[in-house]
>>> print(open('model-v1.pdb').read())   # PDB, C-alpha atoms, pLDDT in the B column
MODEL        1
ATOM      1  CA  ARG X 167      -1.657  19.150   2.705  1.00 72.00           C
ATOM      2  CA  LYS X 168      -1.209  15.382   2.342  1.00 82.00           C
ATOM      3  CA  GLU X 169      -4.391  13.335   2.056  1.00 88.00           C
ATOM      4  CA  VAL X 170      -3.254  11.012   4.826  1.00 93.00           C
ATOM      5  CA  GLU X 171      -0.778  12.107   7.474  1.00 94.00           C
ATOM      6  CA  GLN X 172       1.072  10.027  10.030  1.00 94.00           C
ATOM      7  CA  ASP X 173       3.842  10.664  12.527  1.00 92.00           C
ATOM      8  CA  PRO X 174       6.819   8.822  10.975  1.00 90.00           C
ATOM      9  CA  GLY X 175       8.267   7.893  14.378  1.00 90.00           C
ATOM     10  CA  PRO X 176      10.139   5.803  15.203  1.00 94.00           C
ATOM     11  CA  PHE X 177       8.296   4.852  18.347  1.00 95.00           C
ATOM     12  CA  ASN X 178      10.799   2.956  20.488  1.00 97.00           C
ATOM     13  CA  VAL X 179       9.047   1.029  23.266  1.00 97.00           C
ATOM     14  CA  PRO X 180       9.916  -1.857  25.625  1.00 97.00           C
ATOM     15  CA  GLU X 181       8.249  -5.233  25.359  1.00 98.00           C
ATOM     16  CA  GLY X 182       4.905  -5.249  27.134  1.00 98.00           C
ATOM     17  CA  ALA X 183       4.255  -1.546  26.586  1.00 97.00           C
ATOM     18  CA  THR X 184       1.081  -0.075  25.158  1.00 98.00           C
ATOM     19  CA  VAL X 185       1.578   2.182  22.163  1.00 97.00           C
ATOM     20  CA  ALA X 186      -0.850   4.241  20.111  1.00 96.00           C
ATOM     21  CA  PHE X 187      -0.609   5.716  16.632  1.00 93.00           C
ATOM     22  CA  ASN X 188      -2.831   8.387  15.151  1.00 94.00           C
ATOM     23  CA  CYS X 189      -3.497   9.230  11.556  1.00 95.00           C
ATOM     24  CA  THR X 190      -5.426  12.153  10.060  1.00 96.00           C
ATOM     25  CA  TYR X 191      -7.135  12.249   6.682  1.00 95.00           C
ATOM     26  CA  SER X 192      -8.247  15.281   4.688  1.00 93.00           C
ATOM     27  CA  ASN X 193     -11.166  13.982   2.594  1.00 90.00           C
ATOM     28  CA  SER X 194     -14.378  13.998   4.597  1.00 89.00           C
ATOM     29  CA  ALA X 195     -15.977  11.789   1.926  1.00 88.00           C
ATOM     30  CA  SER X 196     -13.663   8.877   2.697  1.00 87.00           C
ATOM     31  CA  GLN X 197     -15.681   5.791   3.524  1.00 84.00           C
ATOM     32  CA  SER X 198     -13.309   2.942   4.250  1.00 86.00           C
ATOM     33  CA  PHE X 199     -10.298   2.852   6.523  1.00 91.00           C
ATOM     34  CA  PHE X 200      -7.579   0.311   7.139  1.00 92.00           C
ATOM     35  CA  TRP X 201      -4.355  -0.305   8.991  1.00 95.00           C
ATOM     36  CA  TYR X 202      -1.620  -2.195   7.122  1.00 95.00           C
ATOM     37  CA  ARG X 203       1.622  -3.546   8.487  1.00 96.00           C
ATOM     38  CA  GLN X 204       4.813  -3.487   6.413  1.00 95.00           C
ATOM     39  CA  ASP X 205       7.980  -5.294   7.421  1.00 95.00           C
ATOM     40  CA  CYS X 206      11.340  -4.095   6.117  1.00 90.00           C
ATOM     41  CA  ARG X 207      11.669  -4.700   2.341  1.00 88.00           C
ATOM     42  CA  LYS X 208       8.391  -6.611   2.220  1.00 93.00           C
ATOM     43  CA  GLU X 209       4.935  -5.924   0.851  1.00 94.00           C
ATOM     44  CA  PRO X 210       2.247  -4.347   3.078  1.00 93.00           C
ATOM     45  CA  LYS X 211      -0.238  -6.737   4.655  1.00 93.00           C
ATOM     46  CA  LEU X 212      -3.701  -5.906   5.919  1.00 91.00           C
ATOM     47  CA  LEU X 213      -3.712  -5.701   9.703  1.00 94.00           C
ATOM     48  CA  MET X 214      -7.315  -4.676  10.238  1.00 93.00           C
ATOM     49  CA  SER X 215     -10.177  -2.680   8.829  1.00 90.00           C
ATOM     50  CA  VAL X 216     -11.433   0.249  10.894  1.00 91.00           C
ATOM     51  CA  TYR X 217     -15.144   0.468  11.570  1.00 84.00           C
ATOM     52  CA  SER X 218     -17.165   3.420  12.799  1.00 85.00           C
ATOM     53  CA  SER X 219     -17.964   1.649  16.058  1.00 86.00           C
ATOM     54  CA  GLY X 220     -14.335   0.754  16.651  1.00 87.00           C
ATOM     55  CA  ASN X 221     -13.014  -2.759  16.525  1.00 92.00           C
ATOM     56  CA  GLU X 222     -10.611  -5.007  18.351  1.00 94.00           C
ATOM     57  CA  ASP X 223      -8.522  -7.947  17.228  1.00 93.00           C
ATOM     58  CA  GLY X 224      -6.584  -9.493  20.068  1.00 96.00           C
ATOM     59  CA  ARG X 225      -4.025  -6.938  21.262  1.00 97.00           C
ATOM     60  CA  PHE X 226      -4.945  -4.463  18.526  1.00 97.00           C
ATOM     61  CA  THR X 227      -7.724  -1.883  18.739  1.00 97.00           C
ATOM     62  CA  ALA X 228      -8.690   0.524  15.960  1.00 96.00           C
ATOM     63  CA  GLN X 229     -10.863   3.608  16.370  1.00 96.00           C
ATOM     64  CA  LEU X 230     -12.367   6.042  13.887  1.00 95.00           C
ATOM     65  CA  ASN X 231     -13.342   9.623  14.661  1.00 94.00           C
ATOM     66  CA  ARG X 232     -15.188  10.992  11.637  1.00 93.00           C
ATOM     67  CA  ALA X 233     -15.851  14.405  13.172  1.00 93.00           C
ATOM     68  CA  SER X 234     -12.146  15.051  13.673  1.00 94.00           C
ATOM     69  CA  GLN X 235     -11.103  12.942  10.676  1.00 94.00           C
ATOM     70  CA  TYR X 236      -8.622  10.749  12.429  1.00 93.00           C
ATOM     71  CA  ILE X 237      -7.978   7.059  12.911  1.00 96.00           C
ATOM     72  CA  SER X 238      -6.068   5.438  15.724  1.00 96.00           C
ATOM     73  CA  LEU X 239      -4.367   2.113  16.346  1.00 97.00           C
ATOM     74  CA  LEU X 240      -3.626   0.890  19.859  1.00 97.00           C
ATOM     75  CA  ILE X 241      -1.280  -2.017  20.467  1.00 98.00           C
ATOM     76  CA  ARG X 242      -1.301  -3.542  23.944  1.00 98.00           C
ATOM     77  CA  ASP X 243       1.370  -5.782  25.472  1.00 98.00           C
ATOM     78  CA  SER X 244       3.841  -5.086  22.621  1.00 98.00           C
ATOM     79  CA  LYS X 245       5.885  -8.011  21.330  1.00 98.00           C
ATOM     80  CA  LEU X 246       9.254  -7.920  19.592  1.00 98.00           C
ATOM     81  CA  SER X 247       7.472  -9.231  16.498  1.00 97.00           C
ATOM     82  CA  ASP X 248       5.307  -6.099  16.386  1.00 98.00           C
ATOM     83  CA  SER X 249       8.328  -4.135  15.165  1.00 98.00           C
ATOM     84  CA  ALA X 250       7.328  -2.894  11.718  1.00 97.00           C
ATOM     85  CA  THR X 251       5.955   0.121   9.889  1.00 96.00           C
ATOM     86  CA  TYR X 252       2.220   0.690  10.268  1.00 97.00           C
ATOM     87  CA  LEU X 253       0.439   2.289   7.332  1.00 95.00           C
ATOM     88  CA  CYS X 254      -2.811   4.205   7.649  1.00 95.00           C
ATOM     89  CA  VAL X 255      -4.968   3.731   4.553  1.00 92.00           C
ATOM     90  CA  VAL X 256      -8.202   5.408   3.411  1.00 91.00           C
ATOM     91  CA  THR X 257     -10.422   5.397   0.345  1.00 85.00           C
ATOM     92  CA  PRO X 258     -10.837   8.668  -1.576  1.00 80.00           C
ATOM     93  CA  GLY X 259     -14.607   8.671  -1.309  1.00 74.00           C
ATOM     94  CA  ASP X 260     -15.324   8.305  -4.999  1.00 75.00           C
ATOM     95  CA  SER X 261     -16.537   5.226  -6.824  1.00 65.00           C
ATOM     96  CA  SER X 262     -13.050   3.872  -7.418  1.00 66.00           C
ATOM     97  CA  TYR X 263     -11.593   1.086  -5.346  1.00 72.00           C
ATOM     98  CA  LYS X 264      -8.229   2.786  -4.995  1.00 80.00           C
ATOM     99  CA  LEU X 265      -6.634   3.297  -1.610  1.00 85.00           C
ATOM    100  CA  ILE X 266      -4.546   6.208  -0.377  1.00 89.00           C
ATOM    101  CA  PHE X 267      -1.621   5.321   1.852  1.00 91.00           C
ATOM    102  CA  GLY X 268       0.012   7.322   4.582  1.00 93.00           C
ATOM    103  CA  SER X 269       3.803   7.289   4.768  1.00 92.00           C
ATOM    104  CA  GLY X 270       3.716   5.019   7.780  1.00 94.00           C
ATOM    105  CA  THR X 271       4.729   5.043  11.435  1.00 95.00           C
ATOM    106  CA  ARG X 272       7.727   2.962  12.393  1.00 96.00           C
ATOM    107  CA  LEU X 273       7.536   0.937  15.612  1.00 97.00           C
ATOM    108  CA  LEU X 274      10.571  -0.580  17.309  1.00 97.00           C
ATOM    109  CA  VAL X 275       9.916  -2.892  20.251  1.00 98.00           C
ATOM    110  CA  ARG X 276      13.030  -3.548  22.357  1.00 97.00           C
ATOM    111  CA  PRO X 277      13.650  -6.440  24.776  1.00 96.00           C
TER
ATOM    112  CA  ASP C 196      -3.482 -21.217  -3.119  1.00 67.00           C
ATOM    113  CA  GLY C 197      -4.768 -17.922  -4.478  1.00 74.00           C
ATOM    114  CA  GLY C 198      -2.529 -14.917  -4.578  1.00 92.00           C
ATOM    115  CA  ILE C 199      -0.636 -12.364  -6.603  1.00 95.00           C
ATOM    116  CA  THR C 200       2.649 -13.183  -8.281  1.00 96.00           C
ATOM    117  CA  GLN C 201       5.077 -10.476  -9.281  1.00 97.00           C
ATOM    118  CA  SER C 202       8.157 -11.141 -11.334  1.00 95.00           C
ATOM    119  CA  PRO C 203      11.006 -10.670 -11.399  1.00 95.00           C
ATOM    120  CA  LYS C 204      11.871 -10.028  -7.763  1.00 95.00           C
ATOM    121  CA  TYR C 205      14.897  -7.926  -8.751  1.00 95.00           C
ATOM    122  CA  LEU C 206      15.394  -6.110 -12.046  1.00 93.00           C
ATOM    123  CA  PHE C 207      18.249  -4.013 -13.340  1.00 91.00           C
ATOM    124  CA  ARG C 208      17.693  -1.539 -16.137  1.00 88.00           C
ATOM    125  CA  LYS C 209      20.192   0.310 -18.228  1.00 88.00           C
ATOM    126  CA  GLU C 210      19.667   3.949 -19.055  1.00 84.00           C
ATOM    127  CA  GLY C 211      17.298   4.355 -22.010  1.00 85.00           C
ATOM    128  CA  GLN C 212      15.760   0.881 -21.772  1.00 90.00           C
ATOM    129  CA  ASN C 213      12.123  -0.031 -21.375  1.00 93.00           C
ATOM    130  CA  VAL C 214      11.398  -2.836 -18.923  1.00 94.00           C
ATOM    131  CA  THR C 215       8.174  -4.681 -18.125  1.00 96.00           C
ATOM    132  CA  LEU C 216       7.165  -5.868 -14.676  1.00 97.00           C
ATOM    133  CA  SER C 217       4.774  -8.794 -14.512  1.00 98.00           C
ATOM    134  CA  CYS C 218       1.752  -9.078 -12.179  1.00 98.00           C
ATOM    135  CA  GLU C 219      -0.575 -12.094 -12.238  1.00 97.00           C
ATOM    136  CA  GLN C 220      -3.422 -12.901  -9.837  1.00 96.00           C
ATOM    137  CA  ASN C 221      -5.659 -15.949  -9.470  1.00 95.00           C
ATOM    138  CA  LEU C 222      -8.009 -14.410  -6.913  1.00 93.00           C
ATOM    139  CA  ASN C 223     -10.670 -13.501  -9.476  1.00 92.00           C
ATOM    140  CA  HIS C 224     -10.358  -9.869  -8.384  1.00 91.00           C
ATOM    141  CA  ASP C 225     -11.713  -7.227 -10.728  1.00 90.00           C
ATOM    142  CA  ALA C 226      -9.474  -4.340  -9.703  1.00 91.00           C
ATOM    143  CA  MET C 227      -5.705  -4.247  -9.952  1.00 94.00           C
ATOM    144  CA  TYR C 228      -3.177  -1.544  -9.064  1.00 95.00           C
ATOM    145  CA  TRP C 229       0.447  -0.564  -9.423  1.00 97.00           C
ATOM    146  CA  TYR C 230       2.190   1.405  -6.686  1.00 96.00           C
ATOM    147  CA  ARG C 231       5.686   2.707  -6.321  1.00 96.00           C
ATOM    148  CA  GLN C 232       7.475   3.000  -2.975  1.00 94.00           C
ATOM    149  CA  ASP C 233      10.674   4.962  -2.435  1.00 92.00           C
ATOM    150  CA  PRO C 234      12.822   4.458   0.688  1.00 83.00           C
ATOM    151  CA  GLY C 235      11.191   5.866   3.807  1.00 76.00           C
ATOM    152  CA  GLN C 236       8.119   6.963   1.888  1.00 81.00           C
ATOM    153  CA  GLY C 237       4.570   5.806   1.419  1.00 85.00           C
ATOM    154  CA  LEU C 238       3.040   4.116  -1.594  1.00 92.00           C
ATOM    155  CA  ARG C 239       2.178   6.265  -4.607  1.00 93.00           C
ATOM    156  CA  LEU C 240      -0.363   5.103  -7.180  1.00 93.00           C
ATOM    157  CA  ILE C 241       0.905   4.739 -10.742  1.00 96.00           C
ATOM    158  CA  TYR C 242      -2.021   3.143 -12.611  1.00 96.00           C
ATOM    159  CA  TYR C 243      -5.118   1.166 -11.756  1.00 94.00           C
ATOM    160  CA  SER C 244      -7.673  -0.924 -13.582  1.00 94.00           C
ATOM    161  CA  GLN C 245     -11.159  -1.774 -12.376  1.00 89.00           C
ATOM    162  CA  ILE C 246     -12.177  -3.966 -15.328  1.00 90.00           C
ATOM    163  CA  VAL C 247     -10.571  -5.686 -18.283  1.00 93.00           C
ATOM    164  CA  ASN C 248      -9.547  -3.410 -21.172  1.00 95.00           C
ATOM    165  CA  ASP C 249      -9.862  -0.297 -19.019  1.00 94.00           C
ATOM    166  CA  PHE C 250      -7.345   1.518 -16.836  1.00 95.00           C
ATOM    167  CA  GLN C 251      -6.790   4.957 -15.315  1.00 94.00           C
ATOM    168  CA  LYS C 252      -3.771   7.035 -14.449  1.00 95.00           C
ATOM    169  CA  GLY C 253      -2.851   7.404 -10.835  1.00 93.00           C
ATOM    170  CA  ASP C 254      -0.870  10.210  -9.259  1.00 91.00           C
ATOM    171  CA  ILE C 255       2.503   9.490 -10.912  1.00 95.00           C
ATOM    172  CA  ALA C 256       1.700   7.887 -14.292  1.00 96.00           C
ATOM    173  CA  GLU C 257       4.254   9.811 -16.367  1.00 96.00           C
ATOM    174  CA  GLY C 258       6.900   7.489 -17.804  1.00 95.00           C
ATOM    175  CA  TYR C 259       4.822   4.350 -17.221  1.00 97.00           C
ATOM    176  CA  SER C 260       2.348   2.357 -19.303  1.00 97.00           C
ATOM    177  CA  VAL C 261       0.028  -0.573 -18.573  1.00 98.00           C
ATOM    178  CA  SER C 262      -2.361  -2.966 -20.276  1.00 97.00           C
ATOM    179  CA  ARG C 263      -5.251  -5.077 -19.009  1.00 97.00           C
ATOM    180  CA  GLU C 264      -6.063  -7.603 -21.704  1.00 97.00           C
ATOM    181  CA  LYS C 265      -6.925 -10.351 -19.224  1.00 96.00           C
ATOM    182  CA  LYS C 266      -8.531 -10.203 -15.801  1.00 96.00           C
ATOM    183  CA  GLU C 267      -5.606 -12.076 -14.288  1.00 97.00           C
ATOM    184  CA  SER C 268      -2.799  -9.938 -15.672  1.00 98.00           C
ATOM    185  CA  PHE C 269      -1.773  -6.278 -15.294  1.00 98.00           C
ATOM    186  CA  PRO C 270       1.791  -5.724 -16.567  1.00 98.00           C
ATOM    187  CA  LEU C 271       3.596  -2.429 -15.996  1.00 98.00           C
ATOM    188  CA  THR C 272       6.143  -1.036 -18.452  1.00 97.00           C
ATOM    189  CA  VAL C 273       8.686   1.425 -17.135  1.00 95.00           C
ATOM    190  CA  THR C 274       9.725   3.458 -20.152  1.00 93.00           C
ATOM    191  CA  SER C 275      12.891   5.437 -20.795  1.00 88.00           C
ATOM    192  CA  ALA C 276      10.819   8.563 -20.176  1.00 87.00           C
ATOM    193  CA  GLN C 277      10.697   7.741 -16.456  1.00 88.00           C
ATOM    194  CA  LYS C 278      13.662   9.739 -15.177  1.00 86.00           C
ATOM    195  CA  ASN C 279      14.028   8.193 -11.745  1.00 90.00           C
ATOM    196  CA  PRO C 280      12.750   4.611 -11.948  1.00 91.00           C
ATOM    197  CA  THR C 281      14.786   3.079  -9.122  1.00 94.00           C
ATOM    198  CA  ALA C 282      12.159   2.023  -6.564  1.00 95.00           C
ATOM    199  CA  PHE C 283      10.155  -0.839  -5.068  1.00 96.00           C
ATOM    200  CA  TYR C 284       7.127  -1.615  -7.272  1.00 97.00           C
ATOM    201  CA  LEU C 285       4.073  -3.236  -5.755  1.00 97.00           C
ATOM    202  CA  CYS C 286       1.106  -4.749  -7.542  1.00 97.00           C
ATOM    203  CA  ALA C 287      -2.179  -5.229  -5.701  1.00 94.00           C
ATOM    204  CA  SER C 288      -5.714  -6.390  -6.317  1.00 93.00           C
ATOM    205  CA  THR C 289      -9.048  -6.092  -4.570  1.00 88.00           C
ATOM    206  CA  PRO C 290     -12.446  -7.700  -5.031  1.00 82.00           C
ATOM    207  CA  GLY C 291     -14.362  -4.490  -4.528  1.00 71.00           C
ATOM    208  CA  LEU C 292     -15.089  -1.348  -2.611  1.00 59.00           C
ATOM    209  CA  THR C 293     -14.949  -2.646   0.932  1.00 59.00           C
ATOM    210  CA  GLY C 294     -12.208  -5.188   0.576  1.00 62.00           C
ATOM    211  CA  GLY C 295      -8.635  -4.573   1.543  1.00 73.00           C
ATOM    212  CA  TYR C 296      -5.864  -5.054  -0.937  1.00 85.00           C
ATOM    213  CA  THR C 297      -3.832  -8.175  -1.498  1.00 90.00           C
ATOM    214  CA  PHE C 298      -0.287  -7.311  -2.508  1.00 94.00           C
ATOM    215  CA  GLY C 299       2.294  -9.158  -4.507  1.00 96.00           C
ATOM    216  CA  SER C 300       5.764  -9.491  -3.003  1.00 96.00           C
ATOM    217  CA  GLY C 301       7.103  -6.652  -5.139  1.00 96.00           C
ATOM    218  CA  THR C 302       9.812  -5.992  -7.715  1.00 97.00           C
ATOM    219  CA  ARG C 303      12.913  -3.965  -6.878  1.00 95.00           C
ATOM    220  CA  LEU C 304      14.016  -2.042  -9.948  1.00 94.00           C
ATOM    221  CA  THR C 305      17.468  -0.492 -10.108  1.00 93.00           C
ATOM    222  CA  VAL C 306      18.916   1.632 -12.883  1.00 88.00           C
ATOM    223  CA  VAL C 307      22.544   0.800 -13.624  1.00 84.00           C
TER
ENDMDL
END
>>> encode(input="model-v1.pdb", output="structure tokens")
Amino acid sequence: RKEVEQDPGPFNVPEGATVAFNCTYSNSASQSFFWYRQDCRKEPKLLMSVYSSGNEDGRFTAQLNRASQYISLLIRDSKLSDSATYLCVVTPGDSSYKLIFGSGTRLLVRP
Amino acid sequence: DGGITQSPKYLFRKEGQNVTLSCEQNLNHDAMYWYRQDPGQGLRLIYYSQIVNDFQKGDIAEGYSVSREKKESFPLTVTSAQKNPTAFYLCASTPGLTGGYTFGSGTRLTVV
């Protein structure tokens, strides 16, 4: 079983739609969680950290469910510029700083 | 401005050659990492270093080597022992346990 699993998509949605991605992780000791965005042939960039209480940044909302070991990302009022691959990222739960990346979910927002 | 610089952006390697990818950061981050990304796949950890003069193998270290002689620099050598080196290589750094990564813009390595 992969440590971090995501639906690869693609999710093809119209502008203005609301779309949600889920991600599951296998290590119950994981402490930190992130969503990264990666544009085609570019490096990943931090979109937002995911906190236990949930957090919102403009049109983006992240949720963490420790009991079920999953993380979600909700994007409201999708824009064409949201088209990208969204990577779910967790820490392994040890003392290292390394991050474990999911394979990503591809989002395509159409006019 | 602070950031991570990877060079070169594109690199072509002949069969049997060793090549070295450069990664330099001026963020004063302690930890640095090398990842490999293949088309349509996630990032896989090659090596990481949490302090100067110390580094650990990641999940796919075979055929690669690193050094960490300075805090700012973490070069990656792709040796001839790496059988399938064509990939996108990403260097990253982080200040600590709760910080997200900052990535360099990557090096695309192709075997010719």
>>> closest_atom_pairs(input="model-v1.pdb", of="chain C", to="chain X", cutoff="6 Å", atoms="all atoms listed in the file", output="JSON lines")
{"residue": "C:Gln236", "atom": "CA", "partner": "X:Ser269", "partner_atom": "CA", "distance": 5.2}
{"residue": "C:Gly237", "atom": "CA", "partner": "X:Ser269", "partner_atom": "CA", "distance": 3.7}
{"residue": "C:Leu238", "atom": "CA", "partner": "X:Phe267", "partner_atom": "CA", "distance": 5.9}
{"residue": "C:Leu292", "atom": "CA", "partner": "X:Tyr263", "partner_atom": "CA", "distance": 5.1}
{"residue": "C:Ser300", "atom": "CA", "partner": "X:Glu209", "partner_atom": "CA", "distance": 5.3}
>>> write_last_selection(input="model-v1.pdb", atoms="C-alpha atoms", output="mmCIF file, in the coordinates of the input")
data_model
loop_
_atom_site.group_PDB
_atom_site.id
_atom_site.type_symbol
_atom_site.label_atom_id
_atom_site.label_comp_id
_atom_site.auth_asym_id
_atom_site.auth_seq_id
_atom_site.Cartn_x
_atom_site.Cartn_y
_atom_site.Cartn_z
ATOM 1 C CA GLN C 236 8.119 6.963 1.888
ATOM 2 C CA GLY C 237 4.570 5.806 1.419
ATOM 3 C CA LEU C 238 3.040 4.116 -1.594
ATOM 4 C CA LEU C 292 -15.089 -1.348 -2.611
ATOM 5 C CA SER C 300 5.764 -9.491 -3.003
#
>>> atom_distance(input="model-v1.pdb", atom1="atom CA of C:Tyr228", atom2="atom CA of X:Ser194")
23.5 Å
>>> resolve_selection(input="model-v1.pdb", expression="the PyMOL selection byres ((chain X and resi 244-248) around 12)", output="PyMOL selection string")
chain X and resi 177-186+203-205+213+224-226+240-243+249-252+272-277
>>> closest_residue(input="model-v1.pdb", among="C:Val247, C:Cys218, C:Leu206, C:Val307", to="C:Ser268", atoms="all atoms listed in the file")
C:Cys218
>>> residues_near_point(input="model-v1.pdb", point="(24.2, 0.3, -13.2)", cutoff="12 Å", atoms="all atoms listed in the file", output="short mmCIF file (atom, residue, chain, number, x, y, z; two decimals) with C-alpha atoms, keeping the file's coordinate frame")
data_model
loop_
_atom_site.label_atom_id
_atom_site.label_comp_id
_atom_site.auth_asym_id
_atom_site.auth_seq_id
_atom_site.Cartn_x
_atom_site.Cartn_y
_atom_site.Cartn_z
CA LEU C 206 15.39 -6.11 -12.05
CA PHE C 207 18.25 -4.01 -13.34
CA ARG C 208 17.69 -1.54 -16.14
CA LYS C 209 20.19 0.31 -18.23
CA GLU C 210 19.67 3.95 -19.06
CA GLY C 211 17.30 4.36 -22.01
CA THR C 281 14.79 3.08 -9.12
CA LEU C 304 14.02 -2.04 -9.95
CA THR C 305 17.47 -0.49 -10.11
CA VAL C 306 18.92 1.63 -12.88
CA VAL C 307 22.54 0.80 -13.62
#
>>> resolve_selection(input="model-v1.pdb", expression="the PyMOL selection byres ((chain C and resi 274) around 9)", output="ChimeraX atom specification")
/C:211-215,258-260,272-273,275-278,280
>>> residues_around(input="model-v1.pdb", residues="C:Gly299", least_positions_apart="6", cutoff="6 Å", atoms="only C-alpha atoms", output="mmCIF file with C-alpha atoms, in the coordinates of the input")
data_model
loop_
_atom_site.group_PDB
_atom_site.id
_atom_site.type_symbol
_atom_site.label_atom_id
_atom_site.label_comp_id
_atom_site.auth_asym_id
_atom_site.auth_seq_id
_atom_site.Cartn_x
_atom_site.Cartn_y
_atom_site.Cartn_z
ATOM 1 C CA ILE C 199 -0.636 -12.364 -6.603
ATOM 2 C CA THR C 200 2.649 -13.183 -8.281
ATOM 3 C CA GLN C 201 5.077 -10.476 -9.281
ATOM 4 C CA CYS C 286 1.106 -4.749 -7.542
#
>>> closest_residue(input="model-v1.pdb", among="C:Asn279, C:Glu219, C:Gln232, C:Ala287", to="C:Glu264", atoms="only C-alpha atoms")
C:Glu219
>>> atom_distance(input="model-v1.pdb", atom1="atom CA of X:Glu222", atom2="atom CA of X:Ile237")
13.5 Å
>>> residues_around(input="model-v1.pdb", residues="X:Glu169", least_positions_apart="3", cutoff="7 Å", atoms="all atoms listed in the file", output="list in words")
Tyr191, Ser192 and Asn193 of chain X
>>> atom_distance(input="model-v1.pdb", atom1="atom CA of C:Thr297", atom2="atom CA of C:Glu267")
13.5 Å
>>> residues_around(input="model-v1.pdb", residues="stretch 188-190 of chain X", least_positions_apart="4", cutoff="6 Å", atoms="all atoms listed in the file", output="ChimeraX atom specification")
/X:170-172,235-238
>>> resolve_selection(input="model-v1.pdb", expression="the PyMOL selection byres ((chain X and resi 230) around 7)", output="list in words")
Val216, Tyr217, Ser218, Gly220, Ala228, Gln229, Asn231, Arg232, Tyr236, Ile237 and Ser238 of chain X
>>> axis_aligned_box(input="model-v1.pdb", around="stretch 211-222 of chain C", padding_each_side="5 Å", output="AutoDock Vina command-line options")
--center_x 4.6 --center_y -5.8 --center_z -14.5 --size_x 35.3 --size_y 30.3 --size_z 25.1
>>> closest_residue(input="model-v1.pdb", among="C:Lys204, C:Lys265, C:Ile255, C:Gly198", to="C:Arg231", atoms="only C-alpha atoms")
C:Ile255
>>> build_atoms(input="model-v1.pdb", residues="stretch 232-236 of chain C", atoms="all heavy atoms", output="PDB file, in the coordinates of the input")
ATOM      1  N   GLN C 232       7.062   2.582  -4.314  1.00 94.00           N
ATOM      2  CA  GLN C 232       7.475   3.000  -2.975  1.00 94.00           C
ATOM      3  C   GLN C 232       8.955   3.331  -3.000  1.00 94.00           C
ATOM      4  O   GLN C 232       9.783   2.513  -3.396  1.00 94.00           O
ATOM      5  CB  GLN C 232       7.198   1.904  -1.940  1.00 94.00           C
ATOM      6  CG  GLN C 232       7.445   2.359  -0.509  1.00 94.00           C
ATOM      7  CD  GLN C 232       7.056   1.307   0.507  1.00 94.00           C
ATOM      8  OE1 GLN C 232       7.230   0.115   0.280  1.00 94.00           O
ATOM      9  NE2 GLN C 232       6.520   1.743   1.649  1.00 94.00           N
ATOM     10  N   ASP C 233       9.284   4.542  -2.566  1.00 92.00           N
ATOM     11  CA  ASP C 233      10.674   4.962  -2.435  1.00 92.00           C
ATOM     12  C   ASP C 233      11.087   4.835  -0.968  1.00 92.00           C
ATOM     13  O   ASP C 233      10.223   4.884  -0.074  1.00 92.00           O
ATOM     14  CB  ASP C 233      10.833   6.395  -2.942  1.00 92.00           C
ATOM     15  CG  ASP C 233      10.603   6.464  -4.451  1.00 92.00           C
ATOM     16  OD1 ASP C 233      11.525   6.107  -5.183  1.00 92.00           O
ATOM     17  OD2 ASP C 233       9.494   6.845  -4.884  1.00 92.00           O
ATOM     18  N   PRO C 234      12.371   4.702  -0.697  1.00 83.00           N
ATOM     19  CA  PRO C 234      12.822   4.458   0.688  1.00 83.00           C
ATOM     20  C   PRO C 234      12.275   5.480   1.669  1.00 83.00           C
ATOM     21  O   PRO C 234      12.359   6.691   1.431  1.00 83.00           O
ATOM     22  CB  PRO C 234      14.352   4.568   0.569  1.00 83.00           C
ATOM     23  CG  PRO C 234      14.648   4.178  -0.834  1.00 83.00           C
ATOM     24  CD  PRO C 234      13.497   4.715  -1.646  1.00 83.00           C
ATOM     25  N   GLY C 235      11.698   4.992   2.759  1.00 76.00           N
ATOM     26  CA  GLY C 235      11.191   5.866   3.807  1.00 76.00           C
ATOM     27  C   GLY C 235       9.927   6.618   3.437  1.00 76.00           C
ATOM     28  O   GLY C 235       9.509   7.511   4.173  1.00 76.00           O
ATOM     29  N   GLN C 236       9.320   6.251   2.323  1.00 81.00           N
ATOM     30  CA  GLN C 236       8.119   6.963   1.888  1.00 81.00           C
ATOM     31  C   GLN C 236       6.941   6.013   1.746  1.00 81.00           C
ATOM     32  O   GLN C 236       7.090   4.794   1.746  1.00 81.00           O
ATOM     33  CB  GLN C 236       8.384   7.660   0.555  1.00 81.00           C
ATOM     34  CG  GLN C 236       9.470   8.728   0.643  1.00 81.00           C
ATOM     35  CD  GLN C 236       9.547   9.560  -0.613  1.00 81.00           C
ATOM     36  OE1 GLN C 236       8.550   9.802  -1.275  1.00 81.00           O
ATOM     37  NE2 GLN C 236      10.734  10.007  -0.949  1.00 81.00           N
TER      38      GLN C 236
END
